[in-house]
$ cat run.txt   # compact mmCIF, C-alpha atoms
# COMPACT_ATOMS: atom_id res chain seq x y z
CA MET N 718 -1.26 2.71 26.13
CA SER N 719 2.34 3.92 26.11
CA TYR N 720 3.54 6.65 23.79
CA LYS N 721 5.68 4.20 21.85
CA ALA N 722 2.68 1.91 21.25
CA GLY N 723 0.64 4.96 20.19
CA ILE N 724 3.34 6.02 17.74
CA ILE N 725 3.45 2.51 16.23
CA LYS N 726 -0.34 2.45 15.91
CA ALA N 727 -0.39 5.92 14.33
CA ILE N 728 2.28 5.03 11.74
CA ASP N 729 0.37 1.84 10.88
CA GLU N 730 -2.97 3.58 10.48
CA LEU N 731 -1.66 6.59 8.54
CA LYS N 732 -0.04 4.28 5.94
CA ASP N 733 2.16 6.92 4.33
CA ARG N 734 4.55 5.40 1.83
CA THR N 735 7.25 7.96 2.54
CA GLY N 736 6.70 7.90 6.29
CA SER N 737 4.46 9.86 8.65
CA SER N 738 5.49 13.30 9.83
CA MET N 739 5.88 14.04 13.52
CA ILE N 740 2.94 16.46 13.37
CA ALA N 741 0.67 13.89 11.72
CA ILE N 742 1.61 11.25 14.32
CA LYS N 743 0.99 13.73 17.14
CA LYS N 744 -2.44 14.73 15.78
CA HIS N 745 -3.47 11.09 15.35
CA MET N 746 -2.39 10.22 18.87
CA GLN N 747 -4.15 13.24 20.39
CA ALA N 748 -7.36 12.36 18.55
CA ASN N 749 -7.25 8.80 19.95
CA LEU N 750 -6.10 9.83 23.44
CA PRO N 751 -8.37 8.70 26.28
CA LYS N 752 -10.32 11.50 27.97
CA ASP N 753 -8.71 10.95 31.38
CA LYS N 754 -5.11 11.06 30.08
CA LYS N 755 -3.29 14.35 29.59
CA TRP N 756 -1.00 14.87 26.60
CA GLY N 757 2.69 15.04 27.48
CA ASN N 758 4.73 16.47 24.63
CA ALA N 759 8.08 15.74 26.33
CA ALA N 760 7.11 12.09 26.79
CA PHE N 761 6.05 11.90 23.13
CA LEU N 762 9.35 13.36 21.90
CA THR N 763 11.46 11.09 24.13
CA ALA N 764 9.48 8.02 22.99
CA LEU N 765 10.04 9.01 19.36
CA LYS N 766 13.79 9.62 19.83
CA SER N 767 14.29 6.44 21.86
CA GLY N 768 12.44 4.44 19.20
CA VAL N 769 14.79 5.79 16.53
CA ALA N 770 17.81 5.04 18.74
CA ALA N 771 16.56 1.49 19.44
CA GLY N 772 16.01 0.84 15.73
CA ASP N 773 12.21 0.50 15.91
CA PHE N 774 11.63 3.60 13.76
CA VAL N 775 13.53 4.94 10.78
CA GLN N 776 13.74 8.72 10.42
CA ILE N 777 13.68 9.99 6.85
CA LYS N 778 14.06 13.77 6.75
CA ASN N 779 11.21 14.82 9.08
CA SER N 780 9.13 11.63 8.70
CA TYR N 781 9.14 8.36 10.57
CA LYS N 782 8.55 4.79 9.35
CA LEU N 783 8.62 1.42 11.07
CA SER N 784 11.97 -0.27 10.47
CA PRO N 785 11.99 -3.54 8.50
CA ASP N 786 13.59 -5.34 11.48
CA PHE N 787 10.81 -4.15 13.78
CA LYS N 788 8.15 -5.30 11.30
CA GLN N 789 9.68 -8.80 11.15
CA LYS N 790 9.87 -9.03 14.95
CA ARG N 791 6.25 -7.95 15.26
CA ILE N 792 5.05 -10.50 12.67
CA ALA N 793 6.98 -13.28 14.42
CA ALA N 794 5.47 -12.28 17.77
CA GLU N 795 1.95 -12.29 16.29
CA LYS N 796 2.48 -15.76 14.81
CA ALA N 797 3.72 -17.08 18.15
CA ALA N 798 0.72 -15.59 19.94
CA ALA N 799 -1.63 -17.16 17.37
CA LYS N 800 -0.03 -20.59 17.89
CA LYS N 801 -0.44 -20.29 21.65
CA ALA N 802 -4.07 -19.28 21.24
CA LYS N 803 -4.74 -22.27 18.96
CA ALA N 804 -3.05 -24.65 21.39
CA ALA N 805 -5.12 -23.27 24.25
CA ALA N 806 -8.29 -23.57 22.17
CA LYS N 807 -7.52 -27.21 21.32
CA LYS N 808 -6.94 -28.09 24.97
CA ALA N 809 -10.21 -26.45 25.94
CA ALA N 810 -12.11 -28.15 23.09
CA VAL N 811 -10.89 -31.70 23.76
CA PRO N 812 -12.90 -32.36 27.00
CA LYS N 813 -16.17 -31.20 25.41
CA LYS N 814 -18.16 -33.79 23.47
CA LYS N 815 -20.76 -31.55 21.90
CA ALA N 816 -19.18 -31.53 18.46
CA ALA N 817 -21.84 -33.74 16.84
CA PRO N 818 -24.53 -31.03 16.55
CA LYS N 819 -22.04 -28.70 14.90
CA LYS N 820 -21.43 -31.21 12.12
CA LYS N 821 -25.09 -31.19 11.21
CA LYS N 822 -25.06 -27.43 10.86
CA THR N 823 -22.05 -27.48 8.59
CA ALA N 824 -23.65 -30.16 6.42
CA ALA N 825 -26.73 -27.99 6.02
CA LYS N 826 -24.56 -25.04 5.09
CA LYS N 827 -22.69 -27.07 2.47
CA THR N 828 -25.90 -28.03 0.70
CA THR N 829 -27.05 -24.42 0.54
CA LEU N 830 -23.66 -23.40 -0.81
CA LYS N 831 -23.88 -26.10 -3.48
CA LYS N 832 -27.31 -24.88 -4.51
CA LYS N 833 -26.06 -21.33 -4.80
CA ALA N 834 -23.07 -22.46 -6.85
CA ALA N 835 -25.36 -24.42 -9.18
CA THR N 836 -27.53 -21.36 -9.82
CA LYS N 837 -24.46 -19.28 -10.54
CA LYS N 838 -23.17 -21.82 -13.05
CA LYS N 839 -26.40 -21.68 -15.01
CA SER N 840 -26.15 -17.94 -15.50
CA ALA N 841 -22.42 -18.02 -16.22
CA PRO N 842 -22.35 -18.93 -19.95
CA LYS N 843 -22.91 -15.57 -21.61
CA LYS N 844 -22.30 -14.75 -25.23
CA LYS N 845 -19.10 -12.90 -25.85
CA LYS N 846 -19.22 -9.98 -28.17
CA THR N 847 -16.89 -10.35 -31.06
CA THR N 848 -14.91 -7.28 -31.89
CA THR N 849 -13.08 -6.79 -35.13
CA LYS N 850 -9.80 -4.98 -35.07
CA LYS N 851 -9.28 -2.37 -37.71
CA LYS N 852 -6.16 -2.90 -39.73
CA ALA N 853 -3.74 -0.02 -39.83
CA ALA N 854 -3.56 1.74 -43.16
CA PRO N 855 -0.41 0.82 -45.09
CA LYS N 856 2.23 3.52 -45.02
CA LYS N 857 2.95 5.26 -48.27
CA ALA N 858 6.45 5.14 -49.59
CA THR N 859 8.03 8.53 -49.26
CA THR N 860 9.99 9.98 -52.10
CA LYS N 861 13.06 12.05 -51.50
CA LYS N 862 12.78 15.61 -52.63
CA LYS N 863 15.62 17.13 -54.47
CA THR N 864 17.13 20.02 -52.64
CA ALA N 865 17.70 23.15 -54.59
CA THR N 866 21.29 24.20 -55.05
CA LYS N 867 22.22 27.13 -52.88
CA LYS N 868 23.51 30.27 -54.47
CA LYS N 869 26.80 31.56 -53.27
CA VAL N 870 26.50 34.84 -51.51
CA THR N 871 29.21 37.29 -52.36
CA LYS N 872 30.08 40.12 -50.05
CA LYS N 873 30.50 43.58 -51.39
CA LYS N 874 33.86 45.01 -50.76
CA THR N 875 33.80 48.19 -48.76
CA PRO N 876 36.30 50.87 -49.54
CA ALA N 877 39.17 51.00 -47.10
CA LYS N 878 39.16 53.81 -44.58
CA LYS N 879 41.72 56.52 -44.95
$ encode --input "run.txt" --output "structure tokens"
Amino acid sequence: MSYKAGIIKAIDELKDRTGSSMIAIKKHMQANLPKDKKWGNAAFLTALKSGVAAGDFVQIKNSYKLSPDFKQKRIAAEKAAAKKAKAAAKKAAVPKKKAAPKKKKTAAKKTTLKKKAATKKKSAPKKKKTTTKKKAAPKKATTKKKTATKKKVTKKKTPAKK
């Protein structure tokens, strides 16, 4: 596995919303490193920097996330691979004519599923507990209090200095 693929896998598995730190990615990769492979820090750092330069990773402060463009490309590639696998499976399945026994098995499974569904439906109608909501107490009308009139404060005159 290349360092870039390891970084992508680490970011996916760590699932940090704000991005995975370089230290966390490095620890994850070292934990999943094969026994026969030696860790190369320079190769890790160059893979990380080249991924940012290529637009595969987005650096936010000291954390890294997969870029939205990279995620879309990866999803499209996975869908294309799935279509190819289905097409190959259909081509391989067409020459075989042993599909009849499989139908019998599925029919048996359907009847067991129907039986299970019927038993579940019987136990489904349970009595609901009725809860009564307490009405909020009506608010009392507040009366305005009369404010007392303030007395005027008079200052004492001090004798003038000589």
$ closest_residue --input "run.txt" --among "N:Ala805, N:Ile777, N:Gly768, N:Ala793" --to "Thr735 (chain N)" --atoms "only C-alpha atoms"
N:Ile777
$ atom_distance --input "run.txt" --atom1 "CA of Asp729 (chain N)" --atom2 "CA of Lys755 (chain N)"
22.8 Å
$ atom_distance --input "run.txt" --atom1 "CA of Ala727 (chain N)" --atom2 "CA of Leu750 (chain N)"
11.4 Å
$ residues_around --input "run.txt" --residues "Trp756 (chain N)" --least-positions-apart "5" --cutoff "10 Å" --atoms "all atoms listed in the file" --output "VMD selection string"
chain N and resid 720 743 746 to 747 750 to 751 761
$ atom_distance --input "run.txt" --atom1 "CA of Asp773 (chain N)" --atom2 "CA of Ala794 (chain N)"
14.6 Å
$ closest_residue --input "run.txt" --among "N:His745, N:Lys754, N:Lys801, N:Arg734" --to "Tyr781 (chain N)" --atoms "only C-alpha atoms"
N:Arg734
